[in-house]
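Coordinates as given in upload-v9.tsv (TSV, C-alpha atoms and all ligand atoms):
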chain	number	residue	atom	x	y	z
A	202	MET	CA	0.00	0.00	0.00
A	203	LEU	CA	2.64	2.52	1.06
A	204	ALA	CA	4.87	1.29	-1.74
A	205	LYS	CA	2.02	2.01	-4.15
A	206	ILE	CA	1.54	5.49	-2.72
A	207	SER	CA	5.22	6.17	-3.04
A	208	GLN	CA	5.17	4.90	-6.65
A	209	LEU	CA	2.26	7.27	-7.37
A	210	GLY	CA	4.32	10.01	-5.78
A	211	ARG	CA	7.23	9.33	-8.08
A	212	ASP	CA	4.95	9.32	-11.12
A	213	PHE	CA	2.86	12.41	-10.45
A	214	LEU	CA	4.36	14.68	-7.80
A	215	PRO	CA	7.03	17.32	-8.32
A	216	ALA	CA	10.28	16.76	-6.44
A	217	ASP	CA	9.76	19.42	-3.78
A	218	THR	CA	6.27	18.07	-3.00
A	219	ARG	CA	7.71	14.55	-2.78
A	220	ARG	CA	10.32	15.80	-0.32
A	221	ARG	CA	7.66	17.50	1.83
A	222	LEU	CA	5.49	14.36	1.71
A	223	LYS	CA	8.45	12.19	2.70
A	224	ALA	CA	9.14	14.48	5.65
A	225	VAL	CA	5.59	13.78	6.85
A	226	VAL	CA	5.42	10.05	6.02
A	227	ASP	CA	8.80	8.93	7.40
A	228	PRO	CA	8.15	9.94	11.04
A	229	LEU	CA	4.73	8.23	10.79
A	230	LEU	CA	6.40	5.06	9.54
A	231	ALA	CA	8.90	5.24	12.37
A	232	THR	CA	5.89	5.12	14.71
A	233	VAL	CA	3.81	2.39	13.06
A	234	GLY	CA	6.42	0.65	10.95
A	235	SER	CA	7.52	-2.97	11.21
A	236	VAL	CA	11.25	-3.69	11.12
A	237	GLN	CA	12.14	-5.16	7.72
A	238	ALA	CA	15.89	-4.57	7.32
A	239	ALA	CA	18.90	-2.66	8.59
A	240	LYS	CA	18.96	1.06	7.87
A	241	THR	CA	22.62	1.45	6.91
A	242	ALA	CA	24.92	-0.77	4.87
A	243	THR	CA	26.19	-3.89	6.62
A	244	SER	CA	27.48	-7.35	5.76
A	245	VAL	CA	25.24	-8.84	8.47
A	246	VAL	CA	22.08	-10.76	7.58
A	247	ALA	CA	19.58	-11.36	10.38
A	248	LEU	CA	18.66	-15.03	10.38
A	249	THR	CA	15.18	-15.76	11.73
A	250	PHE	CA	13.40	-19.05	12.48
A	251	ASP	CA	9.64	-19.25	13.01
A	252	ASP	CA	7.10	-21.71	14.47
A	253	GLY	CA	9.45	-23.54	16.84
A	254	PRO	CA	10.82	-24.88	18.95
A	255	ASP	CA	10.73	-28.24	17.18
A	256	ALA	CA	12.04	-31.38	18.90
A	257	THR	CA	14.01	-32.52	15.83
A	258	VAL	CA	14.90	-29.52	13.69
A	259	THR	CA	15.73	-26.89	16.33
A	260	PRO	CA	18.62	-28.91	17.89
A	261	GLN	CA	19.96	-29.57	14.36
A	262	VAL	CA	19.81	-25.86	13.54
A	263	LEU	CA	21.54	-24.99	16.83
A	264	ASP	CA	24.40	-27.38	15.97
A	265	LEU	CA	24.77	-25.83	12.50
A	266	LEU	CA	24.77	-22.29	13.89
A	267	ARG	CA	27.40	-23.23	16.48
A	268	GLN	CA	29.63	-24.82	13.82
A	269	ALA	CA	29.31	-21.71	11.64
A	270	GLY	CA	29.84	-19.29	14.53
A	271	ALA	CA	26.51	-17.72	13.59
A	272	ARG	CA	23.62	-16.39	15.65
A	273	ALA	CA	19.90	-16.17	14.92
A	274	THR	CA	16.54	-14.99	16.25
A	275	PHE	CA	13.90	-17.64	16.98
A	276	PHE	CA	10.29	-16.43	16.88
A	277	ILE	CA	8.66	-19.12	18.98
A	278	LEU	CA	5.15	-20.21	19.94
A	279	SER	CA	4.37	-20.44	23.65
A	280	ASP	CA	2.46	-23.73	23.25
A	281	HIS	CA	5.60	-25.29	21.70
A	282	ALA	CA	7.85	-23.67	24.32
A	283	GLU	CA	5.77	-25.16	27.13
A	284	ARG	CA	6.20	-28.64	25.62
A	285	LEU	CA	9.95	-28.18	24.92
A	286	PRO	CA	11.28	-25.80	27.61
A	287	GLN	CA	14.80	-27.23	27.57
A	288	ILE	CA	15.23	-26.44	23.87
A	289	VAL	CA	14.15	-22.85	24.58
A	290	ARG	CA	16.81	-22.62	27.29
A	291	ASP	CA	19.38	-24.18	24.91
A	292	ILE	CA	18.60	-21.47	22.32
A	293	VAL	CA	19.32	-18.77	24.91
A	294	ALA	CA	22.37	-20.52	26.39
A	295	GLN	CA	23.96	-20.67	22.94
A	296	GLY	CA	23.72	-16.91	22.50
A	297	HIS	CA	20.69	-16.67	20.24
A	298	GLU	CA	17.68	-14.41	20.59
A	299	ILE	CA	14.09	-15.36	21.36
A	300	GLY	CA	11.16	-13.41	19.93
A	301	LEU	CA	7.43	-14.01	20.22
A	302	HIS	CA	5.45	-15.61	17.38
A	303	GLY	CA	2.26	-16.15	19.40
A	304	ASP	CA	0.55	-18.65	21.66
A	305	ARG	CA	-0.77	-20.85	18.88
A	306	HIS	CA	-0.26	-20.34	15.15
A	307	ASP	CA	-3.42	-18.28	14.50
A	308	ARG	CA	-4.02	-15.15	12.46
A	309	LEU	CA	-4.48	-12.47	15.11
A	310	THR	CA	-6.49	-10.37	12.67
A	311	GLN	CA	-9.53	-12.65	13.21
A	312	PHE	CA	-9.82	-11.92	16.95
A	313	SER	CA	-11.24	-9.05	19.01
A	314	THR	CA	-8.71	-6.54	20.32
A	315	SER	CA	-9.21	-7.78	23.88
A	316	GLU	CA	-8.49	-11.36	22.80
A	317	VAL	CA	-5.38	-10.30	20.86
A	318	ARG	CA	-4.13	-8.42	23.91
A	319	SER	CA	-4.68	-11.30	26.32
A	320	ARG	CA	-3.21	-13.93	23.96
A	321	LEU	CA	-0.06	-11.91	23.34
A	322	ALA	CA	0.36	-10.92	26.99
A	323	VAL	CA	-0.03	-14.50	28.25
A	324	ALA	CA	2.27	-15.96	25.56
A	325	LYS	CA	4.93	-13.30	26.17
A	326	ALA	CA	4.89	-13.90	29.93
A	327	ALA	CA	5.09	-17.69	29.46
A	328	ILE	CA	8.08	-17.44	27.12
A	329	GLU	CA	9.83	-14.92	29.40
A	330	THR	CA	9.45	-17.32	32.32
A	331	ILE	CA	10.71	-20.34	30.35
A	332	SER	CA	13.58	-18.53	28.60
A	333	GLY	CA	14.61	-16.23	31.44
A	334	THR	CA	14.90	-13.40	28.90
A	335	ARG	CA	12.86	-10.27	28.22
A	336	ILE	CA	10.96	-10.56	24.95
A	337	THR	CA	10.92	-7.37	22.86
A	338	LEU	CA	10.43	-8.62	19.29
A	339	PHE	CA	7.27	-10.03	17.74
A	340	ARG	CA	6.52	-11.63	14.40
A	341	PRO	CA	2.80	-12.15	13.76
A	342	PRO	CA	1.83	-15.58	12.35
A	343	TYR	CA	1.43	-15.36	8.54
A	344	GLY	CA	2.61	-11.74	8.83
A	345	ALA	CA	-1.09	-10.95	9.44
A	346	GLN	CA	-1.29	-7.55	11.08
A	347	THR	CA	-3.73	-4.65	11.34
A	348	LEU	CA	-3.03	-1.26	12.86
A	349	ALA	CA	-4.97	-2.47	15.94
A	350	THR	CA	-2.86	-5.62	16.45
A	351	TYR	CA	0.30	-3.61	15.77
A	352	ILE	CA	-0.62	-1.08	18.49
A	353	ILE	CA	-1.51	-3.83	20.97
A	354	ALA	CA	1.87	-5.50	20.40
A	355	LYS	CA	3.60	-2.13	20.81
A	356	SER	CA	1.73	-1.45	24.07
A	357	LEU	CA	3.08	-4.77	25.38
A	358	GLY	CA	6.64	-3.63	24.61
A	359	LEU	CA	6.87	-5.65	21.38
A	360	GLN	CA	8.37	-4.33	18.14
A	361	THR	CA	7.00	-6.13	15.08
A	362	VAL	CA	9.65	-7.67	12.81
A	363	VAL	CA	8.72	-8.81	9.30
A	364	TRP	CA	11.08	-10.21	6.69
A	365	GLY	CA	12.84	-9.97	3.36
A	366	PRO	CA	14.16	-13.09	1.59
A	367	TYR	CA	12.57	-16.45	2.45
A	368	ALA	CA	13.33	-20.04	1.53
A	369	GLU	CA	9.73	-21.19	0.97
A	370	ASP	CA	10.74	-24.05	3.27
A	371	TRP	CA	7.07	-24.99	3.72
A	372	LEU	CA	7.05	-26.37	0.15
A	373	ASP	CA	8.20	-29.81	-0.94
A	374	SER	CA	11.29	-28.71	-2.84
A	375	SER	CA	14.91	-29.84	-2.56
A	376	PRO	CA	17.19	-28.24	0.08
A	377	GLU	CA	19.30	-26.85	-2.78
A	378	ALA	CA	16.29	-25.17	-4.42
A	379	ALA	CA	15.04	-23.77	-1.09
A	380	ALA	CA	18.49	-22.42	-0.17
A	381	ALA	CA	18.89	-20.90	-3.65
A	382	LYS	CA	15.70	-18.86	-3.14
A	383	VAL	CA	17.49	-16.98	-0.36
A	384	LEU	CA	21.05	-17.06	-1.71
A	385	GLY	CA	19.95	-15.83	-5.14
A	386	VAL	CA	18.65	-12.51	-3.78
A	387	VAL	CA	20.01	-11.90	-0.27
A	388	ARG	CA	21.99	-8.75	0.57
A	389	GLY	CA	23.60	-7.56	3.77
A	390	GLY	CA	21.12	-5.83	6.08
A	391	GLU	CA	18.18	-8.07	5.21
A	392	ILE	CA	16.12	-10.28	7.51
A	393	ALA	CA	15.88	-13.81	6.10
A	394	LEU	CA	12.97	-16.08	7.06
A	395	PHE	CA	13.25	-19.82	7.78
A	396	HIS	CA	11.25	-22.33	9.81
A	397	ASP	CA	12.61	-24.69	12.45
A	398	GLY	CA	9.06	-25.57	13.45
A	399	LEU	CA	6.47	-25.71	10.71
A	400	GLU	CA	2.82	-24.93	11.40
A	401	LEU	CA	0.76	-25.64	8.32
A	402	ASP	CA	-2.83	-24.88	7.38
A	403	ASP	CA	-5.12	-27.91	7.89
A	404	ASP	CA	-5.29	-28.74	4.18
A	405	ALA	CA	-1.55	-28.33	3.50
A	406	VAL	CA	0.73	-31.32	2.88
A	407	ARG	CA	3.74	-31.56	5.22
A	408	PRO	CA	6.87	-31.38	3.04
A	409	ALA	CA	9.61	-33.99	3.29
A	410	LEU	CA	12.12	-31.15	2.86
A	411	ASP	CA	15.17	-31.41	5.17
A	412	ARG	CA	14.92	-27.92	6.70
A	413	ALA	CA	18.20	-28.25	8.60
A	414	ARG	CA	20.03	-29.04	5.36
A	415	VAL	CA	18.58	-25.82	3.89
A	416	VAL	CA	20.13	-23.90	6.79
A	417	GLU	CA	23.49	-25.64	6.30
A	418	LEU	CA	23.53	-24.66	2.60
A	419	VAL	CA	22.51	-21.09	3.39
A	420	LEU	CA	25.23	-20.70	6.03
A	421	ASP	CA	27.81	-22.00	3.52
A	422	GLY	CA	26.45	-19.58	0.92
A	423	PHE	CA	26.65	-16.64	3.32
A	424	LYS	CA	30.28	-17.47	4.04
A	425	ALA	CA	31.10	-17.59	0.33
A	426	ARG	CA	29.44	-14.16	-0.09
A	427	GLY	CA	31.19	-12.56	2.90
A	428	LEU	CA	27.93	-12.31	4.86
A	429	THR	CA	27.63	-12.91	8.60
A	430	ALA	CA	24.46	-14.29	10.19
A	431	ASP	CA	23.38	-12.63	13.43
A	432	THR	CA	20.31	-11.85	15.51
A	433	VAL	CA	17.79	-9.16	14.53
A	434	SER	CA	18.65	-7.12	17.63
A	435	ALA	CA	22.40	-7.29	17.03
A	436	MET	CA	21.93	-6.15	13.43
A	437	ILE	CA	19.59	-3.24	14.16
A	438	ASP	CA	21.50	-2.16	17.27
A	439	ALA	CA	24.57	-1.78	15.06
A	440	SER	CA	22.98	-0.54	11.82
A	441	GLY	CA	19.57	0.89	12.71
A	442	ALA	CA	16.19	-0.38	11.56
A	443	ARG	CA	14.47	0.28	8.26
A	444	LYS	CA	10.75	0.09	8.85
A	445	THR	CA	7.85	-0.53	6.55
A	446	GLY	CA	4.10	-0.10	6.88
A	447	TRP	CA	3.11	-3.80	6.80
A	448	PHE	CA	-0.62	-4.40	7.16
A	449	ARG	CA	-2.35	-7.46	5.76
A	450	THR	CA	-5.07	-9.75	7.02
B	501	ZN	ZN	4.68	-18.93	11.50
Output the file's structure in the form of structure tokens.
Amino acid sequence: MLAKISQLGRDFLPADTRRRLKAVVDPLLATVGSVQAAKTATSVVALTFDDGPDATVTPQVLDLLRQAGARATFFILSDHAERLPQIVRDIVAQGHEIGLHGDRHDRLTQFSTSEVRSRLAVAKAAIETISGTRITLFRPPYGAQTLATYIIAKSLGLQTVVWGPYAEDWLDSSPEAAAAKVLGVVRGGEIALFHDGLELDDDAVRPALDRARVVELVLDGFKARGLTADTVSAMIDASGARKTGWFRT
């Protein structure tokens, strides 16, 4: 939407009007924007994993990250965390970051504001207790977000983080093809999306894809390109955050 407005601006508005408009829009975006990338040039890519923890894949991913000397942010679900608390503590102990993905993997945009608030507050508190860390980052399931859910998350001390390149690791492709989807486009400063857990819609077929192998190939590819994988917070603390107005149901 905002991209479309800005395209219209480029097509129809004189340069000085565009500058004045930008001066108005940018501070608004800083208030209601979701973090999508670093603001200034960097060779760091923020590696993010959603829908976990997963009893099989998360430990494999942790081993790969340790071998590569890389760090990542895990956007986890509190119902998974309550079943696998030791894996959550392992993630933290190995220097990675935990963010909130939700309680269960539901689109928040379908609930009343009071239900969104209570779900997020309860899930955040549960994950903080299990992980022993303060949770400040939030990625909504499916990226589904309205201004109302954004503001509720913000009021709970949560900054929404969306994403750039993704491996489509929910599809039944080969690890090489999934890794190539990221490696073909990724640049320093981006936030790449992967899944250690995998919550699928009821009618979706669970792929046989080896998601840990995808991560191994991506980490090798980063190394070959001179890119370093780190947490979202480490990247934006060092290079600032570029935000985008991300609203979709
Ligand atoms: Zn998800």
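When all atoms listed in the file are used to measure the gap to A:Ser356, the shortest distance among A:Val233, A:Ala413, A:Ile437, A:Leu394 belongs to A:Val233.
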Quick one: pull the distance between atom CA of A:Ser440 and atom CA of A:Arg388, Å, one decimal.
14.0 Å
Residues at most 6 Å from ligand ZN 501 (chain B), using only C-alpha atoms and all ligand atoms? Could they come as a short mmCIF file (atom, residue, chain, number, x, y, z; two decimals) with C-alpha atoms, in the coordinates of the input?
data_model
loop_
_atom_site.label_atom_id
_atom_site.label_comp_id
_atom_site.auth_asym_id
_atom_site.auth_seq_id
_atom_site.Cartn_x
_atom_site.Cartn_y
_atom_site.Cartn_z
CA ASP A 251 9.64 -19.25 13.01
CA ASP A 252 7.10 -21.71 14.47
CA PRO A 342 1.83 -15.58 12.35
CA TYR A 343 1.43 -15.36 8.54
#
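Separating atom CA of A:Val317 from atom CA of A:Leu348 is a distance of 12.3 Å.
If you look at atom CA of A:Leu278 and atom CA of A:Ala256, they are 13.2 Å away from each other.
Among the candidate residues A:Ile299, A:Leu285, A:Val362, A:Ala379, the one lying nearest to A:Gly344 is A:Val362, with distances computed using all atoms listed in the file.
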Per-residue nearest contacts stretch 270-301 of chain A to stretch 320-328 of chain A, cut-off 7 Å, using only C-alpha atoms, as CSV:
residue,atom,partner,partner_atom,distance
A:Ser279,CA,A:Ala324,CA,5.3
A:Ala282,CA,A:Ile328,CA,6.8
A:Leu301,CA,A:Lys325,CA,6.5
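With all atoms listed in the file as the atoms that count, the minimum distance from A:Trp447 to the choices A:Thr259, A:Gln287, A:Ser434, A:Thr350 is reached by A:Thr350.
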Which residues are close to A:Met436, i.e. within 12 Å by only C-alpha atoms, leaving aside same-chain residues fewer than 4 positions away? Reply as an MDAnalysis selection string.
chainID A and resid 236:249 272:274 298 389:392 429:432 440:443
List as a PyMOL selection string the protein and nucleic acid residues near A:Gly253, meaning an atom at most 9 Å away when only C-alpha atoms are counted, but skip any in the same chain fewer than 3 places from it.
chain A and resi 250+256+258-259+275-278+281-282+302+396-400
Selection near A:Ser375, 12 Å with all atoms listed in the file, sequence-local residues under 5 positions removed, as a ChimeraX atom specification:
/A:368-370,380-382,408-415,418
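Omitting A:Gln268 and its sequence neighbours fewer than 2 positions away, and counting all atoms listed in the file, the residues within 12 Å are Gln261, Val262, Leu263, Asp264, Leu265, Leu266, Gly270, Ala271, Arg272, Gln295, Val416, Glu417, Leu420 and Asp421 of chain A.
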Those residues you just picked out, can you put them in a file as a PDB file, in the frame of the given file with C-alpha atoms?
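In the end it all went to out-v3.pdb:
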ATOM      1  CA  GLN A 261      19.960 -29.570  14.360  1.00  0.00           C
ATOM      2  CA  VAL A 262      19.810 -25.860  13.540  1.00  0.00           C
ATOM      3  CA  LEU A 263      21.540 -24.990  16.830  1.00  0.00           C
ATOM      4  CA  ASP A 264      24.400 -27.380  15.970  1.00  0.00           C
ATOM      5  CA  LEU A 265      24.770 -25.830  12.500  1.00  0.00           C
ATOM      6  CA  LEU A 266      24.770 -22.290  13.890  1.00  0.00           C
ATOM      7  CA  GLY A 270      29.840 -19.290  14.530  1.00  0.00           C
ATOM      8  CA  ALA A 271      26.510 -17.720  13.590  1.00  0.00           C
ATOM      9  CA  ARG A 272      23.620 -16.390  15.650  1.00  0.00           C
ATOM     10  CA  GLN A 295      23.960 -20.670  22.940  1.00  0.00           C
ATOM     11  CA  VAL A 416      20.130 -23.900   6.790  1.00  0.00           C
ATOM     12  CA  GLU A 417      23.490 -25.640   6.300  1.00  0.00           C
ATOM     13  CA  LEU A 420      25.230 -20.700   6.030  1.00  0.00           C
ATOM     14  CA  ASP A 421      27.810 -22.000   3.520  1.00  0.00           C
TER      15      ASP A 421
END
For A:Thr257, which residue among A:Ala294, A:Ala378, A:Ile288, A:Leu359 is the nearest when counting only C-alpha atoms?
A:Ile288
Would you mind listing what lies within 8 Å of A:Arg290 as JSON, numbers by chain, with only C-alpha atoms counted and same-chain residues fewer than 6 positions away left out?
{"A": [331, 332, 333]}
